[in-house]
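Student: Sharing start_37.csv below, CSV, C-alpha atoms:
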chain,number,residue,atom,x,y,z
A,1,MET,CA,224.4,-125.1,115.6
A,2,THR,CA,227.1,-123.9,113.2
A,3,PRO,CA,225.9,-123.2,109.7
A,4,HIS,CA,227.9,-124.7,106.8
A,5,HIS,CA,228.5,-123.7,103.2
A,6,GLY,CA,228.1,-126.3,100.6
A,7,GLN,CA,226.4,-127.5,97.4
A,8,ALA,CA,223.2,-129.4,96.8
A,9,ILE,CA,221.7,-131.1,93.7
A,10,VAL,CA,218.0,-130.9,92.7
A,11,VAL,CA,216.7,-134.5,92.5
A,12,HIS,CA,213.0,-133.8,92.2
A,13,LYS,CA,210.8,-130.9,91.3
A,14,ASN,CA,207.0,-130.6,91.3
A,15,LEU,CA,205.1,-127.4,90.2
A,16,SER,CA,201.5,-126.7,91.1
A,17,GLY,CA,199.7,-124.4,88.7
A,18,SER,CA,201.9,-121.4,88.0
A,19,ASP,CA,203.3,-120.3,91.3
A,20,THR,CA,204.0,-123.1,93.9
A,21,VAL,CA,207.0,-125.3,93.8
A,22,HIS,CA,208.1,-128.4,95.8
A,23,MET,CA,211.7,-129.3,95.4
A,24,VAL,CA,213.9,-132.1,96.8
A,25,LEU,CA,217.6,-131.4,97.2
A,26,LYS,CA,220.4,-133.9,97.8
A,27,ALA,CA,222.6,-132.4,100.5
A,28,PRO,CA,223.5,-134.9,103.2
A,29,TRP,CA,225.5,-132.3,105.0
A,30,LEU,CA,222.2,-130.5,106.0
A,31,ASN,CA,220.7,-133.6,107.6
A,32,HIS,CA,221.2,-132.1,111.1
A,33,ALA,CA,218.9,-129.1,110.5
A,34,ARG,CA,216.1,-128.6,113.0
A,35,PRO,CA,212.4,-127.8,112.3
A,36,GLY,CA,211.9,-124.1,111.8
A,37,GLN,CA,215.4,-123.4,110.5
A,38,PHE,CA,216.1,-122.1,107.0
A,39,ILE,CA,218.8,-121.9,104.3
A,40,MET,CA,220.2,-119.0,102.2
A,41,ILE,CA,220.3,-120.3,98.6
A,42,ARG,CA,222.2,-118.8,95.7
A,43,VAL,CA,219.7,-118.7,92.8
A,44,HIS,CA,222.0,-117.6,89.9
A,45,ALA,CA,225.7,-117.8,89.1
A,46,GLY,CA,225.7,-114.2,87.8
A,47,THR,CA,224.9,-110.9,89.6
A,48,ALA,CA,221.2,-110.7,88.9
A,49,PRO,CA,219.8,-111.4,91.4
A,50,LEU,CA,222.9,-110.9,93.5
A,51,LEU,CA,221.6,-111.7,97.0
A,52,ARG,CA,220.7,-115.2,98.2
A,53,ARG,CA,217.1,-116.1,99.0
A,54,PRO,CA,216.0,-117.4,102.5
A,55,ILE,CA,214.0,-120.6,102.1
A,56,SER,CA,212.3,-122.6,104.9
A,57,LEU,CA,212.8,-126.3,105.2
A,58,SER,CA,209.7,-128.5,104.8
A,59,ALA,CA,211.6,-131.7,105.5
A,60,VAL,CA,215.0,-132.9,106.6
A,61,THR,CA,216.1,-136.4,105.5
A,62,PRO,CA,219.3,-138.4,105.8
A,63,GLN,CA,219.9,-137.5,102.1
A,64,GLY,CA,219.1,-133.8,102.3
A,65,ILE,CA,216.2,-131.4,102.4
A,66,GLU,CA,212.9,-130.5,100.9
A,67,ILE,CA,211.6,-127.0,100.3
A,68,LEU,CA,208.2,-125.5,99.3
A,69,PHE,CA,208.1,-121.9,97.9
A,70,LYS,CA,205.9,-119.5,96.0
A,71,ILE,CA,207.2,-117.8,92.9
A,72,ARG,CA,207.2,-114.2,94.1
A,73,GLY,CA,210.0,-112.4,92.3
A,74,THR,CA,213.1,-112.8,90.1
A,75,GLY,CA,214.9,-115.1,92.5
A,76,THR,CA,212.2,-117.7,93.0
A,77,ARG,CA,211.3,-117.5,89.3
A,78,HIS,CA,214.9,-118.6,88.6
A,79,MET,CA,214.6,-121.4,91.1
A,80,ALA,CA,211.4,-122.6,89.6
A,81,LEU,CA,213.1,-123.1,86.2
A,82,TRP,CA,215.9,-125.3,87.7
A,83,PRO,CA,215.9,-128.8,86.1
A,84,VAL,CA,216.6,-132.0,87.9
A,85,GLY,CA,220.4,-132.2,88.2
A,86,GLN,CA,220.8,-128.5,88.8
A,87,LEU,CA,223.7,-127.8,91.2
A,88,THR,CA,223.2,-125.0,93.7
A,89,ASP,CA,225.1,-123.3,96.5
A,90,ILE,CA,223.6,-123.1,100.0
A,91,ILE,CA,224.5,-121.7,103.4
A,92,GLY,CA,222.7,-123.4,106.3
A,93,PRO,CA,221.1,-124.5,108.4
A,94,LEU,CA,220.4,-121.0,109.8
A,95,GLY,CA,218.4,-119.4,112.6
A,96,HIS,CA,216.6,-120.6,115.7
A,97,GLY,CA,213.9,-123.1,115.1
A,98,PHE,CA,210.9,-124.4,117.0
A,99,ASP,CA,211.2,-125.6,120.5
A,100,PRO,CA,209.4,-129.0,120.7
A,101,PRO,CA,206.5,-129.6,123.0
A,102,ARG,CA,206.8,-131.8,126.1
A,103,PRO,CA,206.1,-135.5,125.6
A,104,ALA,CA,202.4,-136.3,125.0
A,105,THR,CA,201.5,-132.6,124.7
A,106,PRO,CA,199.0,-131.8,121.9
A,107,ALA,CA,200.4,-129.5,119.2
A,108,PHE,CA,198.3,-127.2,117.0
A,109,LEU,CA,200.1,-126.2,113.8
A,110,VAL,CA,198.4,-123.2,112.2
A,111,ALA,CA,199.5,-122.3,108.6
A,112,GLY,CA,198.6,-119.6,106.2
A,113,GLY,CA,199.4,-120.5,102.6
A,114,ILE,CA,203.0,-121.3,101.9
A,115,GLY,CA,203.6,-120.6,105.6
A,116,VAL,CA,202.8,-124.3,105.9
A,117,ALA,CA,206.4,-125.2,104.8
A,118,PRO,CA,208.2,-124.9,108.2
A,119,LEU,CA,205.2,-126.4,109.9
A,120,ILE,CA,205.3,-129.5,107.7
A,121,GLY,CA,208.9,-129.8,108.7
A,122,LEU,CA,207.8,-129.6,112.4
A,123,ALA,CA,205.0,-132.1,111.9
A,124,ARG,CA,207.4,-134.6,110.3
A,125,TRP,CA,209.9,-134.2,113.1
A,126,LEU,CA,207.2,-134.8,115.7
A,127,ARG,CA,206.1,-137.9,113.8
A,128,ASP,CA,209.6,-139.3,113.9
A,129,ASN,CA,210.7,-138.2,117.4
A,130,LEU,CA,207.7,-137.5,119.6
A,131,THR,CA,205.1,-140.0,118.3
A,132,GLU,CA,203.0,-139.7,121.5
A,133,CYS,CA,202.2,-136.0,120.7
A,134,PRO,CA,198.9,-135.5,119.0
A,135,VAL,CA,199.4,-133.2,116.0
A,136,HIS,CA,196.6,-131.1,114.6
A,137,MET,CA,197.4,-129.3,111.3
A,138,LEU,CA,195.2,-126.3,110.4
A,139,LEU,CA,195.9,-125.2,106.9
A,140,GLY,CA,194.4,-122.1,105.2
A,141,ALA,CA,194.9,-120.8,101.7
A,142,ALA,CA,193.2,-118.6,99.2
A,143,THR,CA,191.8,-121.3,97.0
A,144,THR,CA,191.2,-125.1,96.7
A,145,SER,CA,194.0,-125.5,94.2
A,146,ASP,CA,196.5,-124.2,96.8
A,147,ILE,CA,195.2,-126.5,99.5
A,148,ASP,CA,195.0,-129.6,97.3
A,149,PHE,CA,198.7,-129.2,96.4
A,150,LEU,CA,199.9,-128.5,100.0
A,151,VAL,CA,198.0,-131.2,101.9
A,152,GLN,CA,199.9,-133.9,100.1
A,153,PHE,CA,203.0,-133.0,102.2
A,154,VAL,CA,201.2,-133.2,105.6
A,155,PRO,CA,202.1,-136.4,107.5
A,156,GLU,CA,199.3,-139.0,107.6
A,157,ASN,CA,199.3,-139.2,111.4
A,158,CYS,CA,198.1,-135.6,111.7
A,159,THR,CA,194.6,-134.4,112.2
A,160,LEU,CA,194.0,-132.1,109.3
A,161,GLU,CA,191.5,-129.2,108.9
A,162,THR,CA,191.5,-126.8,106.0
A,163,ALA,CA,190.0,-123.3,105.2
A,164,ALA,CA,189.8,-121.5,101.9
A,165,GLU,CA,189.2,-117.8,101.8
A,166,ASP,CA,187.0,-118.2,98.7
A,167,GLY,CA,184.8,-120.9,100.2
A,168,SER,CA,185.9,-123.5,97.7
A,169,SER,CA,187.2,-126.0,100.2
A,170,GLY,CA,186.8,-126.8,103.8
A,171,HIS,CA,185.9,-123.9,106.1
A,172,HIS,CA,184.9,-120.7,104.3
A,173,GLY,CA,187.1,-118.1,105.9
A,174,PHE,CA,190.4,-117.7,107.6
A,175,VAL,CA,192.4,-120.6,109.1
A,176,THR,CA,192.4,-118.9,112.5
A,177,ASP,CA,188.6,-119.5,112.6
A,178,LEU,CA,189.4,-123.2,113.0
A,179,LEU,CA,191.3,-122.7,116.3
A,180,THR,CA,188.6,-121.6,118.7
A,181,LEU,CA,189.1,-120.6,122.3
A,182,ASP,CA,187.0,-123.5,123.4
A,183,LYS,CA,189.1,-125.9,121.5
A,184,LEU,CA,192.3,-124.7,123.2
A,185,LYS,CA,190.7,-124.6,126.7
A,186,GLN,CA,189.7,-128.2,126.3
A,187,GLN,CA,193.5,-129.0,126.0
A,188,PRO,CA,195.1,-126.5,128.4
A,189,GLN,CA,198.6,-127.9,128.0
A,190,ALA,CA,198.6,-127.6,124.2
A,191,MET,CA,201.4,-125.9,122.3
A,192,VAL,CA,200.4,-123.6,119.4
A,193,TYR,CA,202.7,-123.1,116.4
A,194,GLY,CA,202.1,-120.7,113.5
A,195,CYS,CA,203.5,-119.4,110.3
A,196,GLY,CA,201.8,-117.1,107.7
A,197,PRO,CA,200.8,-113.5,107.2
A,198,MET,CA,201.3,-111.1,110.0
A,199,PRO,CA,197.6,-110.4,110.6
A,200,MET,CA,197.0,-114.1,111.0
A,201,LEU,CA,199.9,-114.4,113.4
A,202,LYS,CA,198.6,-111.5,115.5
A,203,THR,CA,195.2,-113.2,115.7
A,204,LEU,CA,196.9,-116.4,116.7
A,205,ALA,CA,198.9,-114.7,119.4
A,206,THR,CA,195.7,-113.0,120.9
A,207,LEU,CA,193.8,-116.3,120.9
A,208,SER,CA,196.7,-118.2,122.5
A,209,ARG,CA,197.1,-115.6,125.2
A,210,SER,CA,193.4,-115.7,126.0
A,211,ALA,CA,193.6,-119.5,126.4
A,212,GLY,CA,196.8,-119.5,128.3
A,213,SER,CA,198.5,-121.6,125.7
A,214,PRO,CA,202.2,-121.1,124.7
A,215,CYS,CA,202.6,-120.0,121.1
A,216,GLN,CA,205.6,-119.9,118.8
A,217,ILE,CA,205.5,-118.2,115.5
A,218,SER,CA,207.9,-118.2,112.5
A,219,LEU,CA,208.3,-114.8,110.8
A,220,GLU,CA,209.2,-114.1,107.2
A,221,ALA,CA,211.5,-111.2,106.4
A,222,HIS,CA,213.6,-109.8,103.6
A,223,MET,CA,217.2,-111.0,104.4
A,224,ALA,CA,220.4,-109.9,102.7
A,225,CYS,CA,222.9,-112.0,104.7
A,226,GLY,CA,221.0,-114.5,106.8
A,227,VAL,CA,223.5,-114.5,109.6
A,228,GLY,CA,222.7,-111.2,111.4
A,229,ALA,CA,225.5,-109.1,110.1
A,230,CYS,CA,223.6,-106.6,107.9
A,231,LEU,CA,220.7,-105.9,110.4
A,232,GLY,CA,218.3,-105.7,107.5
A,233,CYS,CA,215.6,-107.9,108.9
A,234,THR,CA,215.1,-106.5,112.4
A,235,VAL,CA,211.7,-106.4,114.2
A,236,PRO,CA,210.7,-105.1,117.6
A,237,VAL,CA,210.1,-107.5,120.4
A,238,HIS,CA,208.6,-106.7,123.8
A,239,THR,CA,209.9,-108.4,127.0
A,240,SER,CA,209.8,-107.6,130.7
A,241,ASP,CA,212.9,-105.5,130.1
A,242,GLY,CA,211.1,-103.3,127.5
A,243,GLN,CA,211.2,-103.1,123.7
A,244,LYS,CA,214.3,-104.0,121.7
A,245,GLN,CA,215.2,-104.8,118.1
A,246,VAL,CA,216.1,-108.4,117.2
A,247,ARG,CA,217.2,-110.0,113.9
A,248,VAL,CA,214.7,-112.4,112.3
A,249,CYS,CA,217.5,-114.4,110.7
A,250,ALA,CA,219.8,-114.8,113.7
A,251,ASP,CA,217.5,-114.4,116.7
A,252,GLY,CA,214.6,-116.1,114.9
A,253,PRO,CA,212.8,-116.8,112.7
A,254,VAL,CA,210.9,-118.5,115.5
A,255,PHE,CA,209.8,-116.3,118.4
A,256,ASP,CA,207.4,-116.4,121.3
A,257,ALA,CA,204.2,-114.9,119.9
A,258,CYS,CA,203.7,-112.7,123.0
A,259,HIS,CA,207.0,-111.0,122.4
A,260,ILE,CA,206.1,-110.0,118.9
A,261,PHE,CA,202.5,-109.1,119.7
A,262,PRO,CA,202.2,-107.9,123.3
A,263,ALA,CA,198.9,-107.6,125.1
A,264,GLN,CA,197.1,-104.3,124.4
Using the file provided, produce a representation of the structure as structure tokens.

Tutor:
Amino acid sequence: MTPHHGQAIVVHKNLSGSDTVHMVLKAPWLNHARPGQFIMIRVHAGTAPLLRRPISLSAVTPQGIEILFKIRGTGTRHMALWPVGQLTDIIGPLGHGFDPPRPATPAFLVAGGIGVAPLIGLARWLRDNLTECPVHMLLGAATTSDIDFLVQFVPENCTLETAAEDGSSGHHGFVTDLLTLDKLKQQPQAMVYGCGPMPMLKTLATLSRSAGSPCQISLEAHMACGVGACLGCTVPVHTSDGQKQVRVCADGPVFDACHIFPAQ
């Protein structure tokens, strides 16, 4: 899928607390994006910050896209201040997204914090295109306030379980605690999808491997170009041909979990 360069307009913005933002952008030219893909967005007309920011898509609509992001630095802080009507410059859609499950295959979507963004996009795509696939969303975050804001974007036809690390909501612990080996073995054909911190993804890869379940994970990385030219976001992958370096932006951001976290 060839990426395009174009403009988008902010038509809605919602801020949770002080650091989580949901934004709707009118950009009909992006309506062919697939779940798991991302955009490179210019956050300021000047030179500070100079580089674009990679942002996952939490929804694709006929009118454009939706995004969810945490305020983590100068770039996202600029974005959080954008008013409705702000015009911005985008390159996208970029990267290799999620491969869908086979028809009627259960899907477990495991998200850590803002890692829920591309998985919400996947859940919405499954709702619209593979309605016979049972979708189980497992969402973990640090606190109840994070969970309460994020769950509103999960499609209603998903089974939802939550975990808060501080014990204030749902399961007290990590989101990977919710996906047990027994649960996966009861549905041996299930597909597992994950996005979140690397330790969480490693646990997910180990669990999926033990259950014999395919697992796809979406990685985050610092990206300068987003198209694979600068080689600034490479990670090692392990295949039958040995170890090699791949680019998260162009070869991912979605990978087979076993290639990122091989069996020990």

Student: A:Ala164, A:Ile9, A:Cys158, A:Leu207: which is nearest Thr143 of chain A, counting all atoms listed in the file?

Tutor: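 With all atoms listed in the file as the atom set, the closest residue is A:Ala164.
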
Student: So which residues are close to (209.7, -105.5, 126.6), meaning at most 12 Å away in the file's coordinates with all atoms listed in the file counted, and can you show them as a ChimeraX atom specification?

Tutor: /A:236-246,258-263

Student: Pull C-alpha atoms from the residues just selected and write them as a PDB file, keeping the file's coordinate frame.

Tutor:
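The result, stored in again_31.pdb:
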ATOM      1  CA  PRO A 236     210.700-105.100 117.600  1.00  0.00           C
ATOM      2  CA  VAL A 237     210.100-107.500 120.400  1.00  0.00           C
ATOM      3  CA  HIS A 238     208.600-106.700 123.800  1.00  0.00           C
ATOM      4  CA  THR A 239     209.900-108.400 127.000  1.00  0.00           C
ATOM      5  CA  SER A 240     209.800-107.600 130.700  1.00  0.00           C
ATOM      6  CA  ASP A 241     212.900-105.500 130.100  1.00  0.00           C
ATOM      7  CA  GLY A 242     211.100-103.300 127.500  1.00  0.00           C
ATOM      8  CA  GLN A 243     211.200-103.100 123.700  1.00  0.00           C
ATOM      9  CA  LYS A 244     214.300-104.000 121.700  1.00  0.00           C
ATOM     10  CA  GLN A 245     215.200-104.800 118.100  1.00  0.00           C
ATOM     11  CA  VAL A 246     216.100-108.400 117.200  1.00  0.00           C
ATOM     12  CA  CYS A 258     203.700-112.700 123.000  1.00  0.00           C
ATOM     13  CA  HIS A 259     207.000-111.000 122.400  1.00  0.00           C
ATOM     14  CA  ILE A 260     206.100-110.000 118.900  1.00  0.00           C
ATOM     15  CA  PHE A 261     202.500-109.100 119.700  1.00  0.00           C
ATOM     16  CA  PRO A 262     202.200-107.900 123.300  1.00  0.00           C
ATOM     17  CA  ALA A 263     198.900-107.600 125.100  1.00  0.00           C
TER      18      ALA A 263
END

Student: Which one of A:Phe255, A:Phe69, A:Tyr193, A:Phe108 sits closest to Leu219 of chain A if you count all atoms listed in the file?

Tutor: A:Phe255

Student: Just the residues within 7 Å of Met191 of chain A, please, counting all atoms listed in the file, with nothing from its chain fewer than 6 positions along; format it as a PyMOL selection string.

Tutor: chain A and resi 101+106-108+213-215

Student: Could you check the closest approach to His22 of chain A for each of A:Gln152, A:Gln7, A:Gln86, A:Thr131 and tell me which residue wins, using all atoms listed in the file?

Tutor: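 Ranking A:Gln152, A:Gln7, A:Gln86, A:Thr131 by distance to His22 of chain A, first place goes to A:Gln152.
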
Student: Nearest residue to Asp166 of chain A out of A:Thr144, A:Lys185, A:Ala250, A:Leu150, using all atoms listed in the file?

Tutor: A:Thr144

Student: Excluding Ala229 of chain A and any residue of its chain fewer than 2 positions from it, enumerate the residues within 12 Å of it, using only C-alpha atoms, and give them as number ranges by chain.

Tutor: A: 223-227, 231-234, 246-251

Student: Got a sec to check which residues sit within 12 Å of (191.4, -130.2, 125.4), counting only C-alpha atoms, and write them as a short mmCIF file (atom, residue, chain, number, x, y, z; two decimals) with C-alpha atoms, in the coordinates of the input?

Tutor:
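And here is the file that came out, out-v3.cif:
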data_model
loop_
_atom_site.label_atom_id
_atom_site.label_comp_id
_atom_site.auth_asym_id
_atom_site.auth_seq_id
_atom_site.Cartn_x
_atom_site.Cartn_y
_atom_site.Cartn_z
CA THR A 105 201.50 -132.60 124.70
CA PRO A 106 199.00 -131.80 121.90
CA ALA A 107 200.40 -129.50 119.20
CA PHE A 108 198.30 -127.20 117.00
CA PRO A 134 198.90 -135.50 119.00
CA LEU A 179 191.30 -122.70 116.30
CA THR A 180 188.60 -121.60 118.70
CA LEU A 181 189.10 -120.60 122.30
CA ASP A 182 187.00 -123.50 123.40
CA LYS A 183 189.10 -125.90 121.50
CA LEU A 184 192.30 -124.70 123.20
CA LYS A 185 190.70 -124.60 126.70
CA GLN A 186 189.70 -128.20 126.30
CA GLN A 187 193.50 -129.00 126.00
CA PRO A 188 195.10 -126.50 128.40
CA GLN A 189 198.60 -127.90 128.00
CA ALA A 190 198.60 -127.60 124.20
CA MET A 191 201.40 -125.90 122.30
CA ALA A 211 193.60 -119.50 126.40
CA SER A 213 198.50 -121.60 125.70
#

Student: Could you tell me how far atom CA of Ser169 of chain A lies from atom CA of Ile71 of chain A, in Å and to one decimal?

Tutor: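 Computed distance, atom CA of Ser169 of chain A to atom CA of Ile71 of chain A, equals 22.8 Å.
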
Student: Please measure the separation of atom CA of Asp148 of chain A and atom CA of Arg53 of chain A, giving the value in Å to one decimal.

Tutor: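 Interatomic distance, atom CA of Asp148 of chain A to atom CA of Arg53 of chain A: 26.0 Å.
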
Student: Using all atoms of segment 67-76 of chain A listed in the file and a margin of 8 Å per side, can you give the axis-aligned box centre and edge lengths in Å to one decimal, as AutoDock Vina command-line options?

Tutor:
--center_x 210.4 --center_y -119.7 --center_z 95.2 --size_x 25.0 --size_y 30.6 --size_z 26.2

Student: What is the distance between atom CA of His4 of chain A and atom CA of Leu68 of chain A, in Å to one decimal?

Tutor: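 Straight-line distance from atom CA of His4 of chain A to atom CA of Leu68 of chain A works out to 21.1 Å.
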
Student: Pick out the closest residue to Thr206 of chain A from this set: A:Asp99, A:Ala257, A:Met40, A:His5. Count only C-alpha atoms.

Tutor: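 Smallest distance to Thr206 of chain A is found for A:Ala257.
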
Student: Which residue is closest to Arg52 of chain A? Choose from A:Thr76, A:Gln216, A:Ser16, A:Thr176 and count all atoms listed in the file.

Tutor: A:Thr76

Student: Set the distance at 12 Å and use only C-alpha atoms: which residues neighbour Val60 of chain A once local chain neighbours fewer than 3 positions away are removed? I'd like the list as a PyMOL selection string.

Tutor: chain A and resi 24-39+56-57+63-67+93+117-118+120-125+128

Student: Supply segment 91-107 of chain A as a short mmCIF file (atom, residue, chain, number, x, y, z; two decimals), keeping the file's coordinate frame, with N, CA and C atoms built in where the input has gaps.

Tutor:
data_model
loop_
_atom_site.label_atom_id
_atom_site.label_comp_id
_atom_site.auth_asym_id
_atom_site.auth_seq_id
_atom_site.Cartn_x
_atom_site.Cartn_y
_atom_site.Cartn_z
N ILE A 91 223.97 -121.91 102.08
CA ILE A 91 224.50 -121.70 103.40
C ILE A 91 223.38 -122.12 104.40
N GLY A 92 223.73 -122.97 105.37
CA GLY A 92 222.70 -123.40 106.30
C GLY A 92 223.18 -124.56 107.18
N PRO A 93 222.36 -125.06 108.08
CA PRO A 93 221.10 -124.50 108.40
C PRO A 93 221.26 -123.22 109.30
N LEU A 94 220.31 -122.29 109.19
CA LEU A 94 220.40 -121.00 109.80
C LEU A 94 219.21 -120.75 110.76
N GLY A 95 219.44 -119.89 111.76
CA GLY A 95 218.40 -119.40 112.60
C GLY A 95 218.01 -120.34 113.76
N HIS A 96 217.11 -119.84 114.59
CA HIS A 96 216.60 -120.60 115.70
C HIS A 96 215.25 -121.16 115.34
N GLY A 97 215.12 -122.46 115.47
CA GLY A 97 213.90 -123.10 115.10
C GLY A 97 212.89 -123.27 116.20
N PHE A 98 211.92 -124.16 116.00
CA PHE A 98 210.90 -124.40 117.00
C PHE A 98 211.37 -125.18 118.17
N ASP A 99 210.93 -124.80 119.36
CA ASP A 99 211.20 -125.60 120.50
C ASP A 99 210.07 -126.69 120.57
N PRO A 100 210.43 -127.96 120.72
CA PRO A 100 209.40 -129.00 120.70
C PRO A 100 208.54 -128.99 121.93
N PRO A 101 207.34 -129.52 121.84
CA PRO A 101 206.50 -129.60 123.00
C PRO A 101 206.99 -130.70 123.96
N ARG A 102 206.49 -130.68 125.18
CA ARG A 102 206.80 -131.80 126.10
C ARG A 102 206.17 -133.05 125.62
N PRO A 103 206.70 -134.21 126.02
CA PRO A 103 206.10 -135.50 125.60
C PRO A 103 204.62 -135.54 125.89
N ALA A 104 203.87 -136.09 124.94
CA ALA A 104 202.40 -136.30 125.00
C ALA A 104 201.61 -135.01 125.01
N THR A 105 202.25 -133.87 124.72
CA THR A 105 201.50 -132.60 124.70
C THR A 105 200.92 -132.41 123.28
N PRO A 106 199.62 -132.09 123.21
CA PRO A 106 199.00 -131.80 121.90
C PRO A 106 199.65 -130.58 121.26
N ALA A 107 199.78 -130.61 119.94
CA ALA A 107 200.40 -129.50 119.20
C ALA A 107 199.41 -129.06 118.09
#
